[in-house]
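Source file start-v1.pdb; content: PDB, C-alpha atoms, pLDDT in the B column.
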MODEL        1
ATOM      1  CA  MET H   1     106.625 -43.200 175.153  1.00 45.00           C
ATOM      2  CA  SER H   2     105.967 -41.687 171.781  1.00 48.00           C
ATOM      3  CA  ALA H   3     103.870 -43.620 169.296  1.00 49.00           C
ATOM      4  CA  SER H   4     106.726 -43.739 166.799  1.00 49.00           C
ATOM      5  CA  ARG H   5     109.137 -45.141 169.397  1.00 50.00           C
ATOM      6  CA  LYS H   6     106.647 -47.819 170.445  1.00 53.00           C
ATOM      7  CA  SER H   7     105.803 -48.713 166.852  1.00 53.00           C
ATOM      8  CA  SER H   8     109.495 -49.158 166.044  1.00 73.00           C
ATOM      9  CA  ILE H   9     109.584 -51.894 168.698  1.00 85.00           C
ATOM     10  CA  LEU H  10     106.185 -53.632 168.622  1.00 79.00           C
ATOM     11  CA  THR H  11     103.674 -53.930 165.795  1.00 80.00           C
ATOM     12  CA  ASN H  12     100.433 -55.792 166.498  1.00 78.00           C
ATOM     13  CA  ARG H  13     101.972 -57.514 169.532  1.00 78.00           C
ATOM     14  CA  LYS H  14     104.977 -58.692 167.509  1.00 87.00           C
ATOM     15  CA  LEU H  15     108.496 -57.315 167.616  1.00 91.00           C
ATOM     16  CA  SER H  16     109.403 -55.321 164.535  1.00 92.00           C
ATOM     17  CA  VAL H  17     111.866 -57.107 162.248  1.00 91.00           C
ATOM     18  CA  ASP H  18     114.478 -54.410 162.855  1.00 92.00           C
ATOM     19  CA  PHE H  19     114.177 -54.554 166.646  1.00 93.00           C
ATOM     20  CA  SER H  20     114.105 -58.353 166.638  1.00 93.00           C
ATOM     21  CA  ARG H  21     117.378 -58.292 164.681  1.00 92.00           C
ATOM     22  CA  LYS H  22     118.869 -55.962 167.284  1.00 94.00           C
ATOM     23  CA  LEU H  23     117.802 -58.251 170.123  1.00 95.00           C
ATOM     24  CA  SER H  24     119.265 -61.238 168.280  1.00 94.00           C
ATOM     25  CA  ALA H  25     122.548 -59.346 167.994  1.00 93.00           C
ATOM     26  CA  ILE H  26     122.542 -58.799 171.762  1.00 94.00           C
ATOM     27  CA  SER H  27     121.816 -62.467 172.455  1.00 93.00           C
ATOM     28  CA  CYS H  28     124.671 -63.596 170.159  1.00 91.00           C
ATOM     29  CA  ALA H  29     127.312 -61.004 171.053  1.00 91.00           C
ATOM     30  CA  SER H  30     130.195 -62.077 173.244  1.00 89.00           C
ATOM     31  CA  ASP H  31     130.366 -58.709 175.044  1.00 92.00           C
ATOM     32  CA  VAL H  32     127.282 -56.629 175.805  1.00 93.00           C
ATOM     33  CA  SER H  33     128.700 -54.834 178.831  1.00 93.00           C
ATOM     34  CA  CYS H  34     128.249 -51.461 177.089  1.00 93.00           C
ATOM     35  CA  ILE H  35     124.494 -52.074 177.275  1.00 94.00           C
ATOM     36  CA  SER H  36     124.108 -54.113 180.462  1.00 94.00           C
ATOM     37  CA  GLN H  37     126.109 -51.652 182.569  1.00 93.00           C
ATOM     38  CA  ARG H  38     123.859 -48.762 181.488  1.00 91.00           C
ATOM     39  CA  PHE H  39     120.893 -50.668 182.941  1.00 92.00           C
ATOM     40  CA  GLY H  40     122.697 -51.806 186.093  1.00 93.00           C
ATOM     41  CA  MET H  41     122.720 -55.516 185.327  1.00 94.00           C
ATOM     42  CA  ASP H  42     125.311 -58.093 184.412  1.00 95.00           C
ATOM     43  CA  GLN H  43     125.701 -59.362 180.857  1.00 95.00           C
ATOM     44  CA  GLY H  44     124.296 -62.811 181.574  1.00 95.00           C
ATOM     45  CA  HIS H  45     121.116 -61.378 183.074  1.00 96.00           C
ATOM     46  CA  LEU H  46     120.586 -59.039 180.107  1.00 96.00           C
ATOM     47  CA  LYS H  47     121.146 -61.898 177.641  1.00 96.00           C
ATOM     48  CA  ASN H  48     118.648 -64.092 179.536  1.00 95.00           C
ATOM     49  CA  ILE H  49     116.013 -61.350 179.404  1.00 96.00           C
ATOM     50  CA  VAL H  50     116.660 -60.746 175.698  1.00 96.00           C
ATOM     51  CA  GLN H  51     116.393 -64.470 174.967  1.00 96.00           C
ATOM     52  CA  ASP H  52     113.126 -64.610 176.936  1.00 94.00           C
ATOM     53  CA  ILE H  53     111.773 -61.624 174.948  1.00 94.00           C
ATOM     54  CA  LEU H  54     112.675 -63.321 171.656  1.00 95.00           C
ATOM     55  CA  GLU H  55     110.991 -66.568 172.773  1.00 93.00           C
ATOM     56  CA  MET H  56     107.872 -64.676 173.883  1.00 92.00           C
ATOM     57  CA  ASP H  57     107.729 -63.031 170.470  1.00 91.00           C
ATOM     58  CA  LEU H  58     108.224 -66.333 168.676  1.00 91.00           C
ATOM     59  CA  ASN H  59     105.399 -67.924 170.709  1.00 88.00           C
ATOM     60  CA  ASP H  60     103.060 -64.891 170.397  1.00 86.00           C
ATOM     61  CA  GLU H  61     102.971 -64.431 174.176  1.00 83.00           C
ATOM     62  CA  TRP H  62     102.803 -60.609 174.309  1.00 75.00           C
ATOM     63  CA  GLU H  63      99.603 -59.675 176.116  1.00 66.00           C
ATOM     64  CA  LEU H  64     100.039 -55.911 176.155  1.00 53.00           C
ATOM     65  CA  GLY H  65      97.409 -53.835 174.419  1.00 50.00           C
ATOM     66  CA  SER H  66      96.811 -50.143 173.992  1.00 43.00           C
ATOM     67  CA  ASP H  67      96.056 -49.939 177.714  1.00 45.00           C
ATOM     68  CA  ASP H  68      99.534 -51.109 178.663  1.00 45.00           C
ATOM     69  CA  GLY H  69      99.793 -48.101 180.982  1.00 44.00           C
ATOM     70  CA  LEU H  70     103.068 -46.803 179.651  1.00 45.00           C
ATOM     71  CA  SER H  71     103.114 -43.063 179.248  1.00 43.00           C
ATOM     72  CA  GLU H  72     105.730 -41.258 177.197  1.00 41.00           C
ATOM     73  CA  TYR H  73     108.198 -41.486 180.079  1.00 40.00           C
ATOM     74  CA  GLY H  74     107.060 -44.699 181.728  1.00 44.00           C
ATOM     75  CA  GLU H  75     104.964 -45.134 184.843  1.00 48.00           C
ATOM     76  CA  GLU H  76     105.224 -42.643 187.698  1.00 49.00           C
ATOM     77  CA  ARG H  77     108.863 -41.779 187.237  1.00 51.00           C
ATOM     78  CA  GLY H  78     110.660 -39.269 189.391  1.00 56.00           C
ATOM     79  CA  LYS H  79     112.588 -36.311 188.046  1.00 58.00           C
ATOM     80  CA  ASP H  80     115.886 -38.299 188.051  1.00 60.00           C
ATOM     81  CA  ASP H  81     114.332 -41.232 186.157  1.00 63.00           C
ATOM     82  CA  LEU H  82     112.885 -38.818 183.614  1.00 62.00           C
ATOM     83  CA  SER H  83     116.263 -37.243 182.874  1.00 73.00           C
ATOM     84  CA  ILE H  84     117.915 -40.683 182.583  1.00 72.00           C
ATOM     85  CA  TRP H  85     115.199 -41.806 180.152  1.00 67.00           C
ATOM     86  CA  GLN H  86     115.671 -38.656 178.054  1.00 75.00           C
ATOM     87  CA  GLU H  87     119.444 -39.189 178.072  1.00 79.00           C
ATOM     88  CA  LEU H  88     119.037 -42.807 176.895  1.00 82.00           C
ATOM     89  CA  GLN H  89     116.791 -41.690 174.005  1.00 82.00           C
ATOM     90  CA  ASN H  90     119.789 -39.972 172.431  1.00 82.00           C
ATOM     91  CA  GLU H  91     122.337 -42.690 173.188  1.00 87.00           C
ATOM     92  CA  THR H  92     123.166 -45.371 170.637  1.00 89.00           C
ATOM     93  CA  VAL H  93     125.586 -48.272 171.025  1.00 89.00           C
ATOM     94  CA  LYS H  94     127.220 -50.015 168.078  1.00 88.00           C
ATOM     95  CA  LEU H  95     127.402 -53.721 168.657  1.00 84.00           C
ATOM     96  CA  ASP H  96     129.703 -55.987 166.669  1.00 76.00           C
ATOM     97  CA  TYR H  97     128.103 -59.404 166.999  1.00 59.00           C
ATOM     98  CA  ARG H  98     129.972 -61.452 164.413  1.00 56.00           C
ATOM     99  CA  LYS H  99     130.427 -65.006 165.584  1.00 52.00           C
ATOM    100  CA  SER H 100     133.941 -66.328 165.427  1.00 49.00           C
ATOM    101  CA  SER H 101     134.525 -69.221 163.079  1.00 47.00           C
ATOM    102  CA  SER H 102     134.886 -72.579 164.785  1.00 48.00           C
ATOM    103  CA  SER H 103     137.136 -73.979 162.075  1.00 47.00           C
ATOM    104  CA  SER H 104     140.660 -72.848 161.291  1.00 44.00           C
ATOM    105  CA  GLU H 105     139.805 -72.444 157.601  1.00 45.00           C
ATOM    106  CA  ALA H 106     137.171 -69.868 156.745  1.00 48.00           C
ATOM    107  CA  SER H 107     135.329 -70.232 153.486  1.00 50.00           C
ATOM    108  CA  THR H 108     135.572 -67.585 150.777  1.00 49.00           C
ATOM    109  CA  ASP H 109     131.851 -66.867 151.229  1.00 51.00           C
ATOM    110  CA  SER H 110     132.263 -66.045 154.906  1.00 52.00           C
ATOM    111  CA  LEU H 111     135.233 -63.788 154.123  1.00 51.00           C
ATOM    112  CA  ASP H 112     133.169 -61.948 151.516  1.00 52.00           C
ATOM    113  CA  SER H 113     130.295 -61.469 153.936  1.00 51.00           C
ATOM    114  CA  ALA H 114     132.694 -60.248 156.634  1.00 51.00           C
ATOM    115  CA  GLU H 115     133.752 -57.422 154.338  1.00 52.00           C
ATOM    116  CA  ASP H 116     130.101 -56.366 153.952  1.00 56.00           C
ATOM    117  CA  PHE H 117     129.442 -56.575 157.697  1.00 60.00           C
ATOM    118  CA  GLN H 118     127.795 -53.558 159.343  1.00 73.00           C
ATOM    119  CA  PRO H 119     127.716 -53.266 163.159  1.00 84.00           C
ATOM    120  CA  VAL H 120     124.228 -53.143 164.665  1.00 89.00           C
ATOM    121  CA  GLU H 121     123.199 -49.824 166.193  1.00 92.00           C
ATOM    122  CA  ILE H 122     121.057 -50.182 169.301  1.00 93.00           C
ATOM    123  CA  ASN H 123     119.229 -47.194 170.753  1.00 92.00           C
ATOM    124  CA  LEU H 124     119.350 -47.453 174.538  1.00 94.00           C
ATOM    125  CA  GLY H 125     116.015 -45.637 174.830  1.00 92.00           C
ATOM    126  CA  GLU H 126     114.369 -48.382 172.786  1.00 92.00           C
ATOM    127  CA  MET H 127     116.095 -50.996 174.950  1.00 94.00           C
ATOM    128  CA  LYS H 128     114.827 -49.284 178.111  1.00 91.00           C
ATOM    129  CA  THR H 129     111.311 -49.224 176.646  1.00 90.00           C
ATOM    130  CA  MET H 130     111.546 -52.935 175.755  1.00 92.00           C
ATOM    131  CA  LEU H 131     112.796 -53.825 179.239  1.00 93.00           C
ATOM    132  CA  SER H 132     109.868 -51.863 180.732  1.00 90.00           C
ATOM    133  CA  LEU H 133     107.391 -53.703 178.485  1.00 89.00           C
ATOM    134  CA  TYR H 134     108.992 -57.011 179.446  1.00 91.00           C
ATOM    135  CA  ASN H 135     108.800 -56.241 183.171  1.00 90.00           C
ATOM    136  CA  LYS H 136     105.184 -55.110 182.850  1.00 88.00           C
ATOM    137  CA  HIS H 137     104.325 -58.306 180.965  1.00 85.00           C
ATOM    138  CA  LYS H 138     106.011 -60.493 183.598  1.00 84.00           C
ATOM    139  CA  ILE H 139     104.179 -58.678 186.403  1.00 84.00           C
ATOM    140  CA  SER H 140     100.785 -59.061 184.687  1.00 79.00           C
ATOM    141  CA  VAL H 141     101.396 -62.740 183.904  1.00 76.00           C
ATOM    142  CA  SER H 142     102.451 -63.491 187.496  1.00 79.00           C
ATOM    143  CA  ALA H 143      99.378 -61.597 188.795  1.00 75.00           C
ATOM    144  CA  LEU H 144      97.116 -63.689 186.549  1.00 73.00           C
ATOM    145  CA  THR H 145      98.873 -66.868 187.652  1.00 72.00           C
ATOM    146  CA  SER H 146      98.448 -66.033 191.343  1.00 69.00           C
ATOM    147  CA  GLU H 147      94.760 -65.151 190.758  1.00 63.00           C
ATOM    148  CA  GLY H 148      94.230 -68.561 189.151  1.00 60.00           C
ATOM    149  CA  LYS H 149      95.750 -70.312 192.170  1.00 59.00           C
ATOM    150  CA  LYS H 150      93.381 -68.505 194.567  1.00 56.00           C
ATOM    151  CA  MET H 151      90.279 -69.801 192.755  1.00 52.00           C
TER
ENDMDL
END

For this file, write the structure as structure tokens.
Amino acid sequence: MSASRKSSILTNRKLSVDFSRKLSAISCASDVSCISQRFGMDQGHLKNIVQDILEMDLNDEWELGSDDGLSEYGEERGKDDLSIWQELQNETVKLDYRKSSSSSEASTDSLDSAEDFQPVEINLGEMKTMLSLYNKHKISVSALTSEGKKM
């Protein structure tokens, strides 16, 4: 993964503000099938992972350093995985994550802000990178946990 792509996601073991906002949009959106289907998972599973990533960031639980083992195209990927990764780098999904109002009367302020609303653009390559970082983190944490149980 290129340094600029990684730095747009994580900075000093914290999610960038922009990427955190994108993950929040995914966790709040009613329909994220355009993203979840690209990664071969159902919407609920993707939302659970995204919520877990946001909680890990909030609690400063990222343990990945510069030796996280991720090359530009991930770890030991085959030719097919490489072409899929390259394809995702150029694919962006616009996500409209406005929450519907629970009351029948919307305030003037919320109507004004709705007019200024901009859909969130999510790069699927960045999402794939984040999911890889998440999986690597979960694997390393479970390995440390199992090591602790053996002692």

TODO: Check which residues satisfy the PyMOL selection byres ((chain H and resi 38) around 12) in the file shown, then give them as a ChimeraX atom specification.
DONE: /H:32-37,39-43,46,84-85,87-88,91-93,123-125,127-128

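The environment of Lys22 (chain H) within 8 Å, counting only C-alpha atoms and disregarding residues fewer than 2 places along the same chain, consists of H:Asp18, H:Phe19, H:Ser20, H:Ser24, H:Ala25, H:Ile26, H:Val120, H:Glu121, H:Ile122.
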
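Residues lying within 10 Å of Ser8 (chain H), counting all atoms listed in the file and ignoring same-chain neighbours fewer than 5 positions away, are Ala3, Leu15, Ser16, Val17, Asp18, Phe19 and Glu126 of chain H.
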
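Here CA of Met56 (chain H) and CA of Leu95 (chain H) stand 23.0 Å from one another.
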
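Between CA of His137 (chain H) and CA of Gln86 (chain H) the separation is 22.9 Å.
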
In terms of only C-alpha atoms, the residue from H:Leu10, H:Val50, H:Leu58, H:Leu131 at minimal distance from Ala29 (chain H) is H:Val50
